[in-house]
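Presented below is the structure to which this report refers.
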Amino acid sequence: MPDEQPMDNTRASAGEPVDPDIDLRRARPARHRRDEATMLATIAAGGATGAAARYLIGQGWPTAAEAFPASTLGINVLGCALIGVLMVLITEVWSRQRLIRPFLGTGVLGGFTTFSTYTVDIQRLVAGAHVDIALFYLFLTPVGALLAVWVSATATRRLVNWRIQ
């Protein structure tokens, strides 16, 4: 349509950084298709790596059907802590490395963390009449994940700034 305005992703969240990989203000010529394929392959390779690591941890640290899902909680909290470290490092130390964030952040850590298993664990606990454990787990996982990101990002930022000074 001739009256359509180009999408502007800066007005949606004023003050927030714009993801350079998804800047909707730039037109994508044909040569970017190859770059997009490279990005997709990078994310897929990272996702396979992260999912395999999660699977191996789950196999080595299984959870009984009626038990508290400690392995899933540990995986999610660890993954979120690593995301906090990664986000500081790629924004303040490795900002020119284009494929690090998609590979490690979206791919490896996206494949490693498992909030879908978190919801299945809650459903399983409720179906097994372990509502008290399910509610505790329902609360603890997002709180632990957010705290892990905050603590690890804060600690990493302090360490980076200390090393720079």
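Here's how to read the names in the structure tokens: chain A, B, ... by the order shown, residue numbers from 1 in each chain, ligand numbers from 1 in the order shown.
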
Handout entry: Contacts of stretch 50-58 of chain A at 6 Å (only C-alpha atoms; same-chain gap of 3+ positions) as a VMD selection string
Key = chain A and resid 47 61 to 62 108 to 109 111 to 112

Sort by chain and increasing residue number a table of all residues of stretch 89-129 of chain A within 12 Å of stretch 141-144 of chain A, each with its closest pair of atoms and their distance in Å to one decimal, counting only C-alpha atoms, and write it as CSV.
```
residue,atom,partner,partner_atom,distance
A:Thr113,CA,A:Thr141,CA,11.4
A:Thr114,CA,A:Thr141,CA,10.9
A:Phe115,CA,A:Thr141,CA,9.0
A:Thr117,CA,A:Thr141,CA,11.5
A:Tyr118,CA,A:Thr141,CA,8.1
A:Thr119,CA,A:Thr141,CA,10.4
A:Asp121,CA,A:Thr141,CA,11.3
A:Ile122,CA,A:Thr141,CA,10.8
```

Limited to C-alpha atoms, could you put the picked residues into a file as an mmCIF file, in the first residue's frame?
```
data_model
loop_
_atom_site.group_PDB
_atom_site.id
_atom_site.type_symbol
_atom_site.label_atom_id
_atom_site.label_comp_id
_atom_site.auth_asym_id
_atom_site.auth_seq_id
_atom_site.Cartn_x
_atom_site.Cartn_y
_atom_site.Cartn_z
ATOM 1 C CA THR A 113 17.415 -23.263 29.658
ATOM 2 C CA THR A 114 14.083 -25.032 29.651
ATOM 3 C CA PHE A 115 11.056 -23.148 30.807
ATOM 4 C CA THR A 117 10.039 -28.377 31.129
ATOM 5 C CA TYR A 118 9.381 -26.069 34.097
ATOM 6 C CA THR A 119 5.693 -25.881 33.139
ATOM 7 C CA ASP A 121 7.079 -30.234 35.948
ATOM 8 C CA ILE A 122 4.423 -28.034 37.590
#
```

Handout entry: Picked from chain A by DSSP as alpha helix (DSSP H), as a PyMOL selection string
Key = chain A and resi 32-60+70-92+100+110-112+115-127+131-164

For the selection just defined, write its residues with C-alpha atoms to a file, as a compact mmCIF listing (two decimals), in the first residue's frame.
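Saved the output as out-v6.txt:
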```txt
# COMPACT_ATOMS: atom_id res chain seq x y z
CA HIS A 32 21.49 -10.13 3.36
CA ARG A 33 19.81 -13.48 2.74
CA ARG A 34 23.22 -15.14 2.97
CA ASP A 35 23.91 -13.30 6.23
CA GLU A 36 20.53 -14.39 7.57
CA ALA A 37 21.26 -18.01 6.63
CA THR A 38 24.59 -17.77 8.46
CA MET A 39 22.82 -16.33 11.49
CA LEU A 40 20.20 -19.10 11.45
CA ALA A 41 22.88 -21.79 11.15
CA THR A 42 24.81 -20.21 14.02
CA ILE A 43 21.75 -20.15 16.27
CA ALA A 44 20.83 -23.73 15.32
CA ALA A 45 24.33 -25.01 16.11
CA GLY A 46 24.26 -23.22 19.46
CA GLY A 47 20.77 -24.49 20.23
CA ALA A 48 21.76 -28.08 19.52
CA THR A 49 24.79 -27.68 21.80
CA GLY A 50 22.75 -26.17 24.64
CA ALA A 51 19.95 -28.73 24.35
CA ALA A 52 22.46 -31.59 24.37
CA ALA A 53 24.10 -30.17 27.52
CA ARG A 54 20.69 -29.86 29.20
CA TYR A 55 19.80 -33.43 28.22
CA LEU A 56 23.06 -34.80 29.62
CA ILE A 57 22.59 -32.94 32.92
CA GLY A 58 19.01 -34.23 33.14
CA GLN A 59 20.22 -37.79 32.56
CA GLY A 60 22.95 -37.45 35.16
CA ALA A 70 15.94 -29.66 41.31
CA SER A 71 17.74 -30.47 38.06
CA THR A 72 15.41 -28.30 35.98
CA LEU A 73 15.63 -25.51 38.54
CA GLY A 74 19.43 -25.77 38.57
CA ILE A 75 19.61 -25.73 34.77
CA ASN A 76 17.38 -22.68 34.50
CA VAL A 77 19.14 -20.71 37.24
CA LEU A 78 22.59 -21.59 35.88
CA GLY A 79 21.53 -20.70 32.34
CA CYS A 80 20.13 -17.36 33.48
CA ALA A 81 23.31 -16.59 35.43
CA LEU A 82 25.35 -17.31 32.30
CA ILE A 83 23.02 -15.07 30.29
CA GLY A 84 23.74 -12.24 32.75
CA VAL A 85 27.49 -12.72 32.32
CA LEU A 86 27.19 -13.00 28.54
CA MET A 87 25.07 -9.88 28.12
CA VAL A 88 27.58 -7.75 30.01
CA LEU A 89 30.53 -9.20 28.11
CA ILE A 90 29.01 -8.76 24.65
CA THR A 91 27.82 -5.23 25.29
CA GLU A 92 30.91 -3.97 27.12
CA ILE A 100 28.78 -14.47 19.64
CA GLY A 110 18.34 -20.64 24.78
CA GLY A 111 18.66 -24.37 24.14
CA PHE A 112 20.09 -25.00 27.60
CA PHE A 115 11.06 -23.15 30.81
CA SER A 116 8.82 -25.55 28.90
CA THR A 117 10.04 -28.38 31.13
CA TYR A 118 9.38 -26.07 34.10
CA THR A 119 5.69 -25.88 33.14
CA VAL A 120 5.48 -29.64 32.53
CA ASP A 121 7.08 -30.23 35.95
CA ILE A 122 4.42 -28.03 37.59
CA GLN A 123 1.64 -29.85 35.74
CA ARG A 124 3.09 -33.23 36.77
CA LEU A 125 3.35 -32.20 40.42
CA VAL A 126 -0.22 -30.87 40.51
CA ALA A 127 -1.56 -34.02 38.79
CA VAL A 131 0.40 -28.89 44.97
CA ASP A 132 2.60 -27.51 47.75
CA ILE A 133 5.79 -28.48 45.90
CA ALA A 134 4.33 -27.21 42.62
CA LEU A 135 3.50 -23.79 44.09
CA PHE A 136 6.93 -23.48 45.69
CA TYR A 137 8.58 -24.43 42.40
CA LEU A 138 6.25 -22.08 40.47
CA PHE A 139 7.47 -19.17 42.64
CA LEU A 140 11.11 -20.18 43.09
CA THR A 141 12.06 -20.64 39.42
CA PRO A 142 11.31 -17.14 38.07
CA VAL A 143 12.63 -15.48 41.24
CA GLY A 144 15.81 -17.57 41.11
CA ALA A 145 16.23 -16.93 37.38
CA LEU A 146 15.82 -13.16 37.70
CA LEU A 147 18.12 -13.01 40.72
CA ALA A 148 20.72 -15.08 38.88
CA VAL A 149 20.71 -12.69 35.91
CA TRP A 150 20.92 -9.63 38.16
CA VAL A 151 23.67 -10.98 40.44
CA SER A 152 25.81 -12.35 37.61
CA ALA A 153 25.42 -9.23 35.44
CA THR A 154 26.24 -6.95 38.38
CA ALA A 155 29.26 -9.02 39.39
CA THR A 156 30.53 -9.26 35.82
CA ARG A 157 30.11 -5.51 35.24
CA ARG A 158 32.06 -4.77 38.44
CA LEU A 159 34.81 -7.18 37.44
CA VAL A 160 35.04 -5.70 33.92
CA ASN A 161 35.14 -2.14 35.28
CA TRP A 162 37.71 -3.11 37.92
CA ARG A 163 40.00 -4.66 35.29
CA ILE A 164 39.69 -1.59 33.05
```

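We find atom CA of A:Val93 and atom CA of A:Thr106 to be spaced 18.3 Å apart.
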